[in-house]
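Undergrad: Data file work_26.cif (mmCIF, C-alpha atoms and all ligand atoms) is appended below.
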```
data_start
loop_
_atom_site.label_atom_id
_atom_site.label_comp_id
_atom_site.auth_asym_id
_atom_site.auth_seq_id
_atom_site.Cartn_x
_atom_site.Cartn_y
_atom_site.Cartn_z
CA MET A 19 63.24 14.65 55.14
CA THR A 20 60.65 15.28 52.43
CA ASP A 21 57.14 15.53 53.68
CA THR A 22 54.70 12.92 52.48
CA ALA A 23 51.75 14.01 50.40
CA TRP A 24 48.48 12.43 51.43
CA ASP A 25 45.10 12.72 49.79
CA SER A 26 43.41 13.14 53.14
CA LEU A 27 43.98 13.04 56.85
CA TRP A 28 41.49 12.18 59.60
CA ILE A 29 42.04 13.58 63.09
CA ASP A 30 40.10 14.33 66.30
CA ALA A 31 39.22 10.67 66.73
CA ALA A 32 39.77 7.61 68.80
CA VAL A 33 40.73 5.02 66.20
CA ALA A 34 39.45 1.50 66.84
CA THR A 35 41.92 -0.15 64.49
CA LEU A 36 40.81 -3.75 65.23
CA ASP A 37 44.46 -4.51 64.57
CA PRO A 38 45.50 -7.41 66.81
CA ASP A 39 49.11 -6.21 66.64
CA ARG A 40 48.15 -3.16 68.67
CA PRO A 41 47.82 -3.54 72.43
CA GLY A 42 44.51 -3.18 74.22
CA ALA A 43 40.88 -3.70 73.40
CA TYR A 44 39.78 -2.87 69.83
CA GLY A 45 43.42 -1.99 69.02
CA LEU A 46 42.27 1.44 70.18
CA VAL A 47 44.40 4.52 69.59
CA PRO A 48 42.78 7.19 71.83
CA ASP A 49 43.98 10.35 70.07
CA GLY A 50 44.58 8.92 66.62
CA ALA A 51 45.14 9.97 63.07
CA VAL A 52 44.60 8.15 59.79
CA ALA A 53 46.28 9.29 56.58
CA VAL A 54 44.94 8.13 53.23
CA ALA A 55 46.66 8.04 49.83
CA GLY A 56 45.67 6.32 46.61
CA GLY A 57 42.62 4.69 48.17
CA ARG A 58 44.72 2.97 50.83
CA ILE A 59 45.59 3.73 54.41
CA ALA A 60 49.03 5.35 54.26
CA TRP A 61 49.50 5.73 57.99
CA ALA A 62 47.49 5.10 61.17
CA GLY A 63 48.48 5.64 64.77
CA PRO A 64 48.71 8.15 67.62
CA ARG A 65 48.38 11.67 66.32
CA ALA A 66 51.46 12.67 68.30
CA ASP A 67 53.51 10.21 66.21
CA LEU A 68 52.15 11.34 62.84
CA PRO A 69 55.12 11.65 60.47
CA PRO A 70 55.58 15.01 58.76
CA GLY A 71 53.27 15.24 55.80
CA ALA A 72 50.81 17.38 53.99
CA ALA A 73 47.26 16.34 53.21
CA ARG A 74 45.12 17.90 50.50
CA GLU A 75 42.15 17.65 52.86
CA THR A 76 42.01 17.36 56.61
CA HIS A 77 38.83 15.98 58.17
CA SER A 78 37.80 16.19 61.78
CA ALA A 79 36.02 13.18 63.21
CA GLY A 80 34.54 15.54 65.79
CA GLY A 81 35.97 13.69 68.73
CA GLY A 82 34.20 10.48 67.68
CA VAL A 83 35.46 7.00 66.85
CA ILE A 84 36.86 5.72 63.56
CA THR A 85 36.51 2.01 62.81
CA PRO A 86 37.14 -0.02 59.68
CA GLY A 87 34.18 0.17 57.31
CA LEU A 88 31.73 -2.55 58.32
CA ILE A 89 31.58 -5.78 56.35
CA ASP A 90 28.42 -7.89 56.08
CA ALA A 91 29.83 -11.29 55.18
CA HIS A 92 26.56 -13.21 54.65
CA THR A 93 23.46 -11.89 52.89
CA HIS A 94 20.85 -13.08 50.43
CA LEU A 95 19.66 -9.55 49.72
CA VAL A 96 18.75 -10.02 46.06
CA TYR A 97 15.31 -11.67 45.86
CA GLY A 98 11.76 -11.06 44.72
CA GLY A 99 8.76 -10.46 46.97
CA ASN A 100 8.63 -11.05 50.68
CA ARG A 101 7.39 -13.63 53.17
CA ALA A 102 5.36 -11.59 55.62
CA ARG A 103 2.51 -14.11 55.28
CA GLU A 104 4.83 -16.90 56.40
CA PHE A 105 5.83 -14.78 59.37
CA GLU A 106 2.17 -14.69 60.34
CA LEU A 107 1.90 -18.46 59.94
CA ARG A 108 4.93 -19.05 62.12
CA LEU A 109 3.35 -16.90 64.79
CA THR A 110 0.33 -19.21 64.83
CA GLY A 111 2.55 -22.23 65.46
CA ALA A 112 3.89 -23.50 62.11
CA THR A 113 7.65 -24.12 62.14
CA TYR A 114 10.17 -22.98 59.53
CA GLU A 115 10.74 -26.62 58.54
CA GLU A 116 6.99 -27.40 58.25
CA ILE A 117 6.46 -24.39 56.01
CA ALA A 118 9.42 -25.42 53.85
CA ARG A 119 8.16 -28.99 53.54
CA ALA A 120 4.70 -27.74 52.55
CA GLY A 121 6.19 -25.90 49.57
CA GLY A 122 6.43 -22.50 51.21
CA GLY A 123 9.62 -21.05 52.60
CA ILE A 124 12.53 -20.80 50.19
CA ALA A 125 10.36 -22.25 47.36
CA SER A 126 7.96 -19.34 47.58
CA THR A 127 10.80 -16.83 47.21
CA VAL A 128 12.12 -18.89 44.28
CA ALA A 129 8.79 -18.48 42.48
CA GLN A 130 8.76 -14.73 43.12
CA THR A 131 12.41 -14.33 42.10
CA ARG A 132 11.99 -16.29 38.87
CA ALA A 133 9.06 -14.02 38.01
CA ALA A 134 11.09 -10.83 38.51
CA ASP A 135 13.27 -9.38 35.75
CA ALA A 136 16.69 -7.87 36.46
CA ASP A 137 15.34 -4.33 36.78
CA SER A 138 12.75 -5.43 39.28
CA LEU A 139 15.29 -7.41 41.31
CA LEU A 140 17.61 -4.39 41.28
CA ALA A 141 14.83 -2.06 42.39
CA GLN A 142 13.90 -4.40 45.23
CA ALA A 143 17.46 -5.06 46.39
CA ARG A 144 18.84 -1.52 46.21
CA PRO A 145 16.97 -0.12 49.24
CA ARG A 146 18.08 -3.10 51.32
CA LEU A 147 21.68 -2.50 50.32
CA ARG A 148 21.40 1.22 51.00
CA THR A 149 19.97 0.55 54.44
CA LEU A 150 23.04 -1.55 55.25
CA MET A 151 25.32 1.15 53.81
CA ALA A 152 23.64 3.81 55.95
CA GLU A 153 25.14 2.02 58.96
CA GLY A 154 28.69 2.16 57.66
CA VAL A 155 28.82 -1.02 55.57
CA THR A 156 31.49 -0.76 52.88
CA THR A 157 31.64 -4.41 51.76
CA VAL A 158 28.74 -6.82 51.45
CA GLU A 159 28.49 -10.42 50.33
CA ILE A 160 25.43 -11.37 48.27
CA LYS A 161 24.40 -14.94 47.48
CA SER A 162 22.31 -16.37 44.69
CA GLY A 163 20.07 -19.30 45.58
CA TYR A 164 16.54 -18.09 44.90
CA GLY A 165 16.68 -18.91 41.19
CA LEU A 166 17.69 -22.56 41.27
CA ASP A 167 17.76 -22.60 37.49
CA ARG A 168 20.61 -21.40 35.33
CA GLU A 169 18.90 -18.32 34.00
CA THR A 170 17.64 -16.99 37.31
CA GLU A 171 20.77 -17.85 39.28
CA MET A 172 22.84 -15.93 36.73
CA ARG A 173 20.37 -13.06 36.78
CA MET A 174 20.65 -12.79 40.56
CA LEU A 175 24.44 -12.76 40.38
CA ARG A 176 24.47 -10.17 37.60
CA VAL A 177 22.14 -7.99 39.66
CA ALA A 178 24.52 -8.34 42.61
CA ARG A 179 27.46 -7.35 40.39
CA THR A 180 25.48 -4.38 39.07
CA LEU A 181 24.77 -3.23 42.62
CA GLY A 182 28.50 -3.30 43.32
CA LYS A 183 29.20 -1.20 40.23
CA THR A 184 26.46 1.35 40.79
CA GLU A 185 26.67 1.84 44.56
CA PRO A 186 29.76 2.98 46.48
CA VAL A 187 30.17 -0.39 48.17
CA ASP A 188 32.07 -3.55 47.26
CA VAL A 189 29.86 -6.53 46.52
CA ILE A 190 31.32 -10.02 46.80
CA THR A 191 29.14 -12.66 45.15
CA THR A 192 28.53 -16.26 46.16
CA PHE A 193 26.87 -18.94 44.05
CA LEU A 194 24.35 -20.80 46.24
CA GLY A 195 22.72 -23.06 43.64
CA ALA A 196 22.50 -25.81 46.27
CA HIS A 197 20.21 -23.78 48.53
CA ALA A 198 17.02 -25.80 48.06
CA LEU A 199 15.52 -28.31 45.67
CA PRO A 200 13.57 -26.57 42.89
CA PRO A 201 10.07 -27.98 42.15
CA GLU A 202 11.05 -29.37 38.74
CA PHE A 203 13.58 -31.65 40.49
CA ALA A 204 11.20 -32.77 43.29
CA GLY A 205 12.29 -36.17 44.58
CA ARG A 206 15.48 -36.06 42.49
CA PRO A 207 18.04 -34.17 44.59
CA ASP A 208 21.00 -36.04 43.11
CA ALA A 209 19.92 -35.12 39.60
CA TYR A 210 19.68 -31.49 40.69
CA ILE A 211 23.18 -31.59 42.18
CA ASP A 212 24.41 -33.09 38.87
CA HIS A 213 22.76 -30.21 37.03
CA ILE A 214 24.40 -27.66 39.36
CA CYS A 215 27.84 -29.21 39.02
CA THR A 216 27.87 -29.89 35.30
CA ASP A 217 25.86 -26.96 34.01
CA VAL A 218 24.94 -23.99 36.23
CA LEU A 219 28.15 -23.72 38.24
CA VAL A 220 30.20 -24.15 35.08
CA GLN A 221 28.41 -21.27 33.35
CA VAL A 222 28.53 -19.09 36.45
CA ALA A 223 32.27 -19.70 36.83
CA GLU A 224 33.00 -19.10 33.15
CA ALA A 225 31.08 -15.83 33.23
CA GLY A 226 33.07 -14.75 36.29
CA LEU A 227 29.86 -14.17 38.21
CA ALA A 228 30.84 -15.78 41.51
CA ASP A 229 33.66 -15.17 43.96
CA ALA A 230 32.80 -18.26 46.04
CA VAL A 231 30.42 -21.22 46.22
CA ASP A 232 28.07 -22.04 49.11
CA ALA A 233 25.51 -24.77 49.87
CA PHE A 234 22.83 -25.46 52.47
CA CYS A 235 23.73 -28.72 54.17
CA ASP A 236 20.75 -29.67 56.35
CA THR A 237 17.64 -31.82 56.61
CA ILE A 238 15.68 -29.41 54.41
CA GLY A 239 18.75 -28.70 52.27
CA PHE A 240 21.31 -31.16 50.93
CA THR A 241 23.22 -34.09 52.42
CA PRO A 242 26.95 -33.94 53.17
CA GLU A 243 27.55 -36.22 50.16
CA GLN A 244 25.64 -33.90 47.85
CA THR A 245 27.39 -30.90 49.36
CA GLU A 246 30.77 -32.50 48.78
CA ARG A 247 30.01 -32.90 45.09
CA VAL A 248 29.33 -29.17 44.89
CA PHE A 249 32.60 -28.46 46.71
CA LYS A 250 34.51 -30.65 44.26
CA ALA A 251 32.99 -28.80 41.32
CA ALA A 252 33.86 -25.46 42.93
CA ALA A 253 37.45 -26.58 43.46
CA ALA A 254 37.66 -27.64 39.81
CA HIS A 255 36.85 -24.05 38.89
CA GLY A 256 39.25 -22.59 41.43
CA LEU A 257 36.45 -21.14 43.54
CA PRO A 258 36.66 -21.10 47.35
CA VAL A 259 33.78 -22.61 49.31
CA LYS A 260 31.67 -21.77 52.35
CA LEU A 261 28.72 -23.57 53.90
CA HIS A 262 25.38 -23.08 55.65
CA ALA A 263 26.20 -25.66 58.30
CA GLU A 264 24.57 -26.99 61.45
CA GLN A 265 21.70 -24.49 61.40
CA LEU A 266 18.82 -26.88 62.13
CA SER A 267 20.66 -30.17 62.77
CA ASP A 268 24.21 -31.51 63.09
CA GLN A 269 25.09 -32.95 59.67
CA LYS A 270 28.85 -32.60 60.25
CA GLY A 271 28.83 -29.90 57.62
CA ALA A 272 31.49 -27.85 59.38
CA VAL A 273 33.84 -30.84 59.38
CA LEU A 274 33.24 -31.24 55.65
CA ALA A 275 33.70 -27.52 55.00
CA ALA A 276 36.95 -27.51 56.95
CA ARG A 277 38.19 -30.45 54.91
CA TYR A 278 37.75 -28.32 51.80
CA GLY A 279 39.55 -25.36 53.38
CA ALA A 280 36.32 -23.37 53.43
CA LEU A 281 36.50 -19.64 54.00
CA SER A 282 33.62 -19.89 56.44
CA ALA A 283 31.00 -22.13 58.01
CA ASP A 284 27.85 -20.19 58.79
CA HIS A 285 24.98 -20.46 61.34
CA LEU A 286 26.41 -23.30 63.52
CA GLU A 287 23.65 -23.42 66.16
CA CYS A 288 23.98 -27.24 66.26
CA LEU A 289 27.77 -27.41 65.92
CA GLY A 290 29.47 -30.21 67.90
CA ASP A 291 32.96 -30.43 69.37
CA ASP A 292 34.26 -32.21 66.26
CA GLY A 293 33.11 -29.24 64.16
CA VAL A 294 34.76 -26.72 66.48
CA ALA A 295 38.06 -28.60 66.30
CA ALA A 296 37.87 -28.92 62.52
CA LEU A 297 37.20 -25.21 62.02
CA ALA A 298 40.09 -24.31 64.32
CA ALA A 299 42.50 -26.61 62.50
CA ALA A 300 41.48 -25.32 59.07
CA GLY A 301 41.41 -21.63 60.00
CA THR A 302 37.81 -21.46 58.77
CA VAL A 303 35.78 -18.52 60.07
CA ALA A 304 32.58 -19.21 62.03
CA VAL A 305 29.95 -16.78 60.75
CA LEU A 306 27.30 -16.19 63.42
CA LEU A 307 23.85 -15.07 62.27
CA PRO A 308 21.86 -13.93 65.30
CA GLY A 309 19.05 -12.51 63.11
CA ALA A 310 18.06 -15.99 61.91
CA PHE A 311 18.39 -17.39 65.44
CA TYR A 312 16.14 -14.63 66.74
CA CYS A 313 13.50 -14.70 63.98
CA LEU A 314 13.18 -18.50 64.11
CA ARG A 315 13.02 -18.28 67.92
CA ASP A 316 15.78 -20.85 68.02
CA THR A 317 16.89 -21.99 71.46
CA ARG A 318 20.18 -23.66 70.51
CA VAL A 319 22.94 -21.10 70.81
CA PRO A 320 26.11 -21.59 68.72
CA PRO A 321 28.91 -22.89 70.96
CA VAL A 322 30.59 -19.51 71.31
CA ASP A 323 32.62 -20.45 74.42
CA ARG A 324 34.10 -23.45 72.65
CA LEU A 325 34.76 -21.53 69.43
CA ARG A 326 36.50 -18.82 71.45
CA ALA A 327 38.55 -21.34 73.45
CA ALA A 328 39.62 -23.07 70.23
CA GLY A 329 40.63 -19.76 68.64
CA VAL A 330 38.12 -19.92 65.79
CA PRO A 331 37.60 -16.43 64.35
CA MET A 332 33.93 -15.44 64.67
CA ALA A 333 32.22 -13.12 62.18
CA VAL A 334 28.77 -11.59 62.66
CA ALA A 335 26.47 -10.98 59.68
CA THR A 336 22.83 -10.16 58.91
CA ASP A 337 21.89 -13.21 56.78
CA CYS A 338 19.53 -10.65 55.16
CA ASN A 339 16.90 -12.88 53.52
CA PRO A 340 13.12 -12.87 53.21
CA GLY A 341 12.48 -15.96 55.34
CA SER A 342 14.60 -16.51 58.40
CA SER A 343 16.24 -13.09 58.76
CA PRO A 344 14.56 -10.07 57.14
CA VAL A 345 17.28 -7.92 58.64
CA THR A 346 19.06 -4.90 57.17
CA SER A 347 20.86 -3.68 60.28
CA LEU A 348 24.35 -4.96 60.95
CA LEU A 349 24.54 -2.80 64.09
CA LEU A 350 21.51 -4.61 65.47
CA MET A 351 23.32 -7.89 64.77
CA LEU A 352 26.26 -6.68 66.88
CA ASN A 353 23.85 -6.13 69.76
CA MET A 354 22.14 -9.49 69.26
CA ALA A 355 25.49 -11.30 68.99
CA CYS A 356 26.30 -9.91 72.45
CA VAL A 357 22.92 -10.34 74.14
CA LEU A 358 21.86 -13.65 72.57
CA PHE A 359 25.24 -15.31 71.89
CA ARG A 360 27.35 -13.68 74.64
CA LEU A 361 30.03 -12.24 72.41
CA THR A 362 31.83 -9.26 73.88
CA PRO A 363 31.23 -5.94 72.09
CA GLU A 364 34.83 -6.12 70.92
CA GLU A 365 34.33 -9.61 69.49
CA ALA A 366 31.12 -8.45 67.79
CA LEU A 367 32.87 -5.50 66.16
CA ALA A 368 35.80 -7.68 65.08
CA GLY A 369 33.12 -9.99 63.66
CA ALA A 370 31.81 -7.24 61.39
CA THR A 371 35.27 -6.04 60.37
CA ARG A 372 38.46 -8.10 60.60
CA HIS A 373 36.91 -11.57 60.80
CA ALA A 374 34.20 -10.70 58.26
CA ALA A 375 36.96 -9.73 55.80
CA ARG A 376 38.60 -13.06 56.37
CA ALA A 377 35.30 -14.89 55.82
CA LEU A 378 35.32 -13.35 52.34
CA GLY A 379 38.97 -14.15 51.65
CA LEU A 380 39.84 -10.45 51.99
CA GLY A 381 41.67 -10.50 55.31
CA ASP A 382 44.86 -9.11 53.76
CA ASP A 383 43.03 -6.23 52.14
CA ARG A 384 40.48 -4.79 54.59
CA GLY A 385 38.80 -5.09 57.96
CA MET A 386 41.45 -3.21 59.97
CA VAL A 387 42.71 0.35 60.17
CA ARG A 388 46.33 -0.38 59.33
CA ALA A 389 48.82 1.04 56.83
CA GLY A 390 48.48 -0.75 53.50
CA MET A 391 44.85 -1.72 53.98
CA ARG A 392 42.09 -0.38 51.76
CA ALA A 393 40.90 3.01 53.02
CA ASP A 394 37.38 1.90 53.97
CA LEU A 395 36.47 3.67 57.20
CA ALA A 396 33.39 4.40 59.26
CA VAL A 397 33.35 7.52 61.42
CA TRP A 398 30.94 7.45 64.36
CA ASP A 399 29.56 10.05 66.74
CA ILE A 400 30.25 7.95 69.81
CA SER A 401 32.83 8.17 72.56
CA GLU A 402 33.76 4.52 72.85
CA PRO A 403 33.51 1.60 70.43
CA ALA A 404 31.32 -0.55 72.72
CA GLU A 405 28.47 1.87 71.99
CA LEU A 406 28.09 0.30 68.55
CA ALA A 407 26.94 -3.00 70.05
CA TYR A 408 25.29 -1.48 73.11
CA ALA A 409 22.62 0.77 71.63
CA ILE A 410 19.58 -0.57 69.76
CA GLY A 411 18.07 1.54 67.01
CA ALA A 412 20.66 4.29 67.21
CA ASN A 413 22.62 5.03 64.09
CA PRO A 414 25.55 7.19 65.15
CA LEU A 415 27.22 7.10 61.72
CA ARG A 416 28.86 10.43 60.94
CA ALA A 417 30.74 9.67 57.71
CA VAL A 418 31.98 6.82 55.55
CA VAL A 419 35.19 6.67 53.56
CA LYS A 420 35.20 4.15 50.70
CA ASP A 421 38.48 3.59 48.84
CA GLY A 422 39.73 6.82 50.36
CA VAL A 423 36.80 8.94 49.24
CA VAL A 424 34.13 10.36 51.54
CA ARG A 425 30.85 8.74 50.56
CA ASP A 426 27.82 11.04 50.18
N1 LIG B 501 19.40 -20.69 55.88
C1 LIG B 501 18.88 -19.50 56.10
O1 LIG B 501 18.76 -18.99 57.17
C2 LIG B 501 18.50 -18.91 54.83
N2 LIG B 501 18.94 -19.88 53.90
C3 LIG B 501 19.43 -20.90 54.56
O2 LIG B 501 19.90 -21.87 54.01
C4 LIG B 501 17.02 -18.72 54.77
C5 LIG B 501 16.48 -18.64 53.41
C6 LIG B 501 15.00 -18.42 53.37
O3 LIG B 501 14.24 -18.84 54.27
O4 LIG B 501 14.56 -17.82 52.37
FE FE B 502 22.00 -17.66 54.83
#
```
Would you write the structure of this file as structure tokens?
TA:
Amino acid sequence: MTDTAWDSLWIDAAVATLDPDRPGAYGLVPDGAVAVAGGRIAWAGPRADLPPGAARETHSAGGGVITPGLIDAHTHLVYGGNRAREFELRLTGATYEEIARAGGGIASTVAQTRAADADSLLAQARPRLRTLMAEGVTTVEIKSGYGLDRETEMRMLRVARTLGKTEPVDVITTFLGAHALPPEFAGRPDAYIDHICTDVLVQVAEAGLADAVDAFCDTIGFTPEQTERVFKAAAAHGLPVKLHAEQLSDQKGAVLAARYGALSADHLECLGDDGVAALAAAGTVAVLLPGAFYCLRDTRVPPVDRLRAAGVPMAVATDCNPGSSPVTSLLLMLNMACVLFRLTPEEALAGATRHAARALGLGDDRGMVRAGMRADLAVWDISEPAELAYAIGANPLRAVVKDGVVRD
């Protein structure tokens, strides 16, 4: 037999493959090995079963744990300014909805984002992205939605694409033109949706700037009818959809999203049984965002027991945004998903790997340590995977492999 030639080999690790085809929690291989070739995982399994092969480089994980690179499947991390003042207001009793209705909230970030040029947006977003990356994130989704005019929406998406090209991380972009009503369309939401569908989304799609289309279906966002028009326009351009659904009220957004075969329905604090059933039937991922729940001091917990019982895959993401979730720690979200939403640490980690990949339409490509998958790995100085969700404020990251290459 000829020995295989690998680019690199990782040993001295427990490998939390997150591969459901492997027995046991986390798909854990206690004394594992991972071989990498051509930016892909060539082999993963018990070290004792490693086929004969030679690697150009052998890396020790130091007795730690290897997981798939983390995936943050829901962020709004490109924006101008911040909303610390609004945070202060909320602490004196104003609600998120009251601030939004008074012209603050998302509208205030829209004004600051419109005023920022691409360089300024890049300079503001890059540290946020790097903070996520420092915790082992190898893929991140970034939404538009703070421009709400063609020029600024496209600028946000170009900045997101630039981040993906200039940082060793994959950026998946989502067009969120239907995030809020811009001031120039005050009182005319249907006209704004027309503008999105016939102008902005068309230009965004033709420029190849978006990988998916999202909307905010809620009392301070858009109605299900308006959302459906956006979904139809997305479908006409061959773009998959996702939805901010049931965050503040039950608008039956998840049912609508499922009807359009959405990749994900996100937030879901107010999700009803009909929504759970629809997500299960459509195979749509439920993206849980404990940072927004926590920062808004929400008391309605997403129906995790019912989602679990129905077999709906649950992802966990930061929702990194200046208003409801100024969060740049995905590890903290794993902890909050467990403590606030009662996920198990294994479910939380699957939510930031395998299910997060699926929420981005990348489930066949990443999110597991399995032969054939992209070689995106995080190497941790921990002795068991539950430590990732258990500890708060610890960052046990030892190394990151992106497309087979060790990231600096
Ligand atoms: N829900 C959210 O949590 C974010 N957007 C949305 O539709 C918040 C956006 C913001 O407050 O700036
Ligand atoms: Fe969001």
Undergrad: When you count all atoms listed in the file, which of these residues is closest to Glu365 in chain A: A:Val189, A:Ala300, A:Leu325, A:Ala133?
TA: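 Once distances to Glu365 in chain A are computed over all atoms listed in the file, the minimum belongs to A:Leu325.
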Undergrad: Ranking A:Ser267, A:Leu307, A:Ala275, A:Ala141 by minimum distance to Leu289 in chain A and counting only C-alpha atoms, which one comes first?
TA: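 When distances to Leu289 in chain A are compared using only C-alpha atoms, the smallest one comes from A:Ser267.
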Undergrad: Around ligand FE 502 (chain B), which protein and nucleic acid residues have at least one atom no more than 8 Å from it, if we count all atoms listed in the file? List them as a CSV table (one decimal) with C-alpha atoms, in the frame of the given file.
TA:
```csv
chain,number,residue,atom,x,y,z
A,92,HIS,CA,26.6,-13.2,54.6
A,93,THR,CA,23.5,-11.9,52.9
A,94,HIS,CA,20.8,-13.1,50.4
A,262,HIS,CA,25.4,-23.1,55.6
A,284,ASP,CA,27.8,-20.2,58.8
A,285,HIS,CA,25.0,-20.5,61.3
A,337,ASP,CA,21.9,-13.2,56.8
A,338,CYS,CA,19.5,-10.6,55.2
A,339,ASN,CA,16.9,-12.9,53.5
```
Undergrad: Report as JSON, numbers by chain all protein, DNA and RNA residues lying within 12 Å of Tyr210 in chain A, evaluated on all atoms listed in the file, omitting residues in the same chain fewer than 5 positions from it.
TA: {"A": [166, 167, 168, 195, 196, 197, 198, 199, 200, 201, 202, 203, 204, 205, 215, 216, 217, 218, 219, 239, 240, 244, 245, 247, 248]}
Undergrad: CA of Ala53 in chain A and CA of Ala72 in chain A, how far apart in Å?
TA: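 So the two atoms, CA of Ala72 in chain A and CA of Ala53 in chain A, lie 9.6 Å apart.
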Undergrad: What residues have any atom no more than 10 Å from ligand LIG 501 (chain B) when counting only C-alpha atoms and all ligand atoms, and can you list them as an mmCIF file with C-alpha atoms, in the coordinates of the input?
TA:
```cif
data_model
loop_
_atom_site.group_PDB
_atom_site.id
_atom_site.type_symbol
_atom_site.label_atom_id
_atom_site.label_comp_id
_atom_site.auth_asym_id
_atom_site.auth_seq_id
_atom_site.Cartn_x
_atom_site.Cartn_y
_atom_site.Cartn_z
ATOM 1 C CA HIS A 92 26.560 -13.210 54.650
ATOM 2 C CA THR A 93 23.460 -11.890 52.890
ATOM 3 C CA HIS A 94 20.850 -13.080 50.430
ATOM 4 C CA TYR A 97 15.310 -11.670 45.860
ATOM 5 C CA ASN A 100 8.630 -11.050 50.680
ATOM 6 C CA ARG A 101 7.390 -13.630 53.170
ATOM 7 C CA GLU A 104 4.830 -16.900 56.400
ATOM 8 C CA TYR A 114 10.170 -22.980 59.530
ATOM 9 C CA GLU A 115 10.740 -26.620 58.540
ATOM 10 C CA ILE A 117 6.460 -24.390 56.010
ATOM 11 C CA ALA A 118 9.420 -25.420 53.850
ATOM 12 C CA GLY A 122 6.430 -22.500 51.210
ATOM 13 C CA GLY A 123 9.620 -21.050 52.600
ATOM 14 C CA ILE A 124 12.530 -20.800 50.190
ATOM 15 C CA ALA A 125 10.360 -22.250 47.360
ATOM 16 C CA SER A 126 7.960 -19.340 47.580
ATOM 17 C CA THR A 127 10.800 -16.830 47.210
ATOM 18 C CA VAL A 128 12.120 -18.890 44.280
ATOM 19 C CA LYS A 161 24.400 -14.940 47.480
ATOM 20 C CA GLY A 163 20.070 -19.300 45.580
ATOM 21 C CA TYR A 164 16.540 -18.090 44.900
ATOM 22 C CA LEU A 194 24.350 -20.800 46.240
ATOM 23 C CA ALA A 196 22.500 -25.810 46.270
ATOM 24 C CA HIS A 197 20.210 -23.780 48.530
ATOM 25 C CA ALA A 198 17.020 -25.800 48.060
ATOM 26 C CA ASP A 232 28.070 -22.040 49.110
ATOM 27 C CA ALA A 233 25.510 -24.770 49.870
ATOM 28 C CA PHE A 234 22.830 -25.460 52.470
ATOM 29 C CA CYS A 235 23.730 -28.720 54.170
ATOM 30 C CA ASP A 236 20.750 -29.670 56.350
ATOM 31 C CA ILE A 238 15.680 -29.410 54.410
ATOM 32 C CA GLY A 239 18.750 -28.700 52.270
ATOM 33 C CA PHE A 240 21.310 -31.160 50.930
ATOM 34 C CA LEU A 261 28.720 -23.570 53.900
ATOM 35 C CA HIS A 262 25.380 -23.080 55.650
ATOM 36 C CA ALA A 263 26.200 -25.660 58.300
ATOM 37 C CA GLU A 264 24.570 -26.990 61.450
ATOM 38 C CA GLN A 265 21.700 -24.490 61.400
ATOM 39 C CA LEU A 266 18.820 -26.880 62.130
ATOM 40 C CA ASP A 284 27.850 -20.190 58.790
ATOM 41 C CA HIS A 285 24.980 -20.460 61.340
ATOM 42 C CA LEU A 307 23.850 -15.070 62.270
ATOM 43 C CA GLY A 309 19.050 -12.510 63.110
ATOM 44 C CA ALA A 310 18.060 -15.990 61.910
ATOM 45 C CA PHE A 311 18.390 -17.390 65.440
ATOM 46 C CA CYS A 313 13.500 -14.700 63.980
ATOM 47 C CA LEU A 314 13.180 -18.500 64.110
ATOM 48 C CA THR A 336 22.830 -10.160 58.910
ATOM 49 C CA ASP A 337 21.890 -13.210 56.780
ATOM 50 C CA CYS A 338 19.530 -10.650 55.160
ATOM 51 C CA ASN A 339 16.900 -12.880 53.520
ATOM 52 C CA PRO A 340 13.120 -12.870 53.210
ATOM 53 C CA GLY A 341 12.480 -15.960 55.340
ATOM 54 C CA SER A 342 14.600 -16.510 58.400
ATOM 55 C CA SER A 343 16.240 -13.090 58.760
ATOM 56 C CA PRO A 344 14.560 -10.070 57.140
#
```
Undergrad: Go through A:Pro186, A:Asp25, A:Gly42, A:Thr35 one by one, measure the shortest atom-to-atom distance of each to Asp426 in chain A using only C-alpha atoms, and give the residue with the smallest value.
TA: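 Between A:Pro186, A:Asp25, A:Gly42, A:Thr35, the residue approaching Asp426 in chain A most closely is A:Pro186.
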Undergrad: Which of these, A:Asp208, A:Ala55, A:Leu150, A:Ala377, has the shortest distance to Glu75 in chain A once you count only C-alpha atoms?
TA: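 Of A:Asp208, A:Ala55, A:Leu150, A:Ala377, the one nearest Glu75 in chain A, counting only C-alpha atoms, is A:Ala55.
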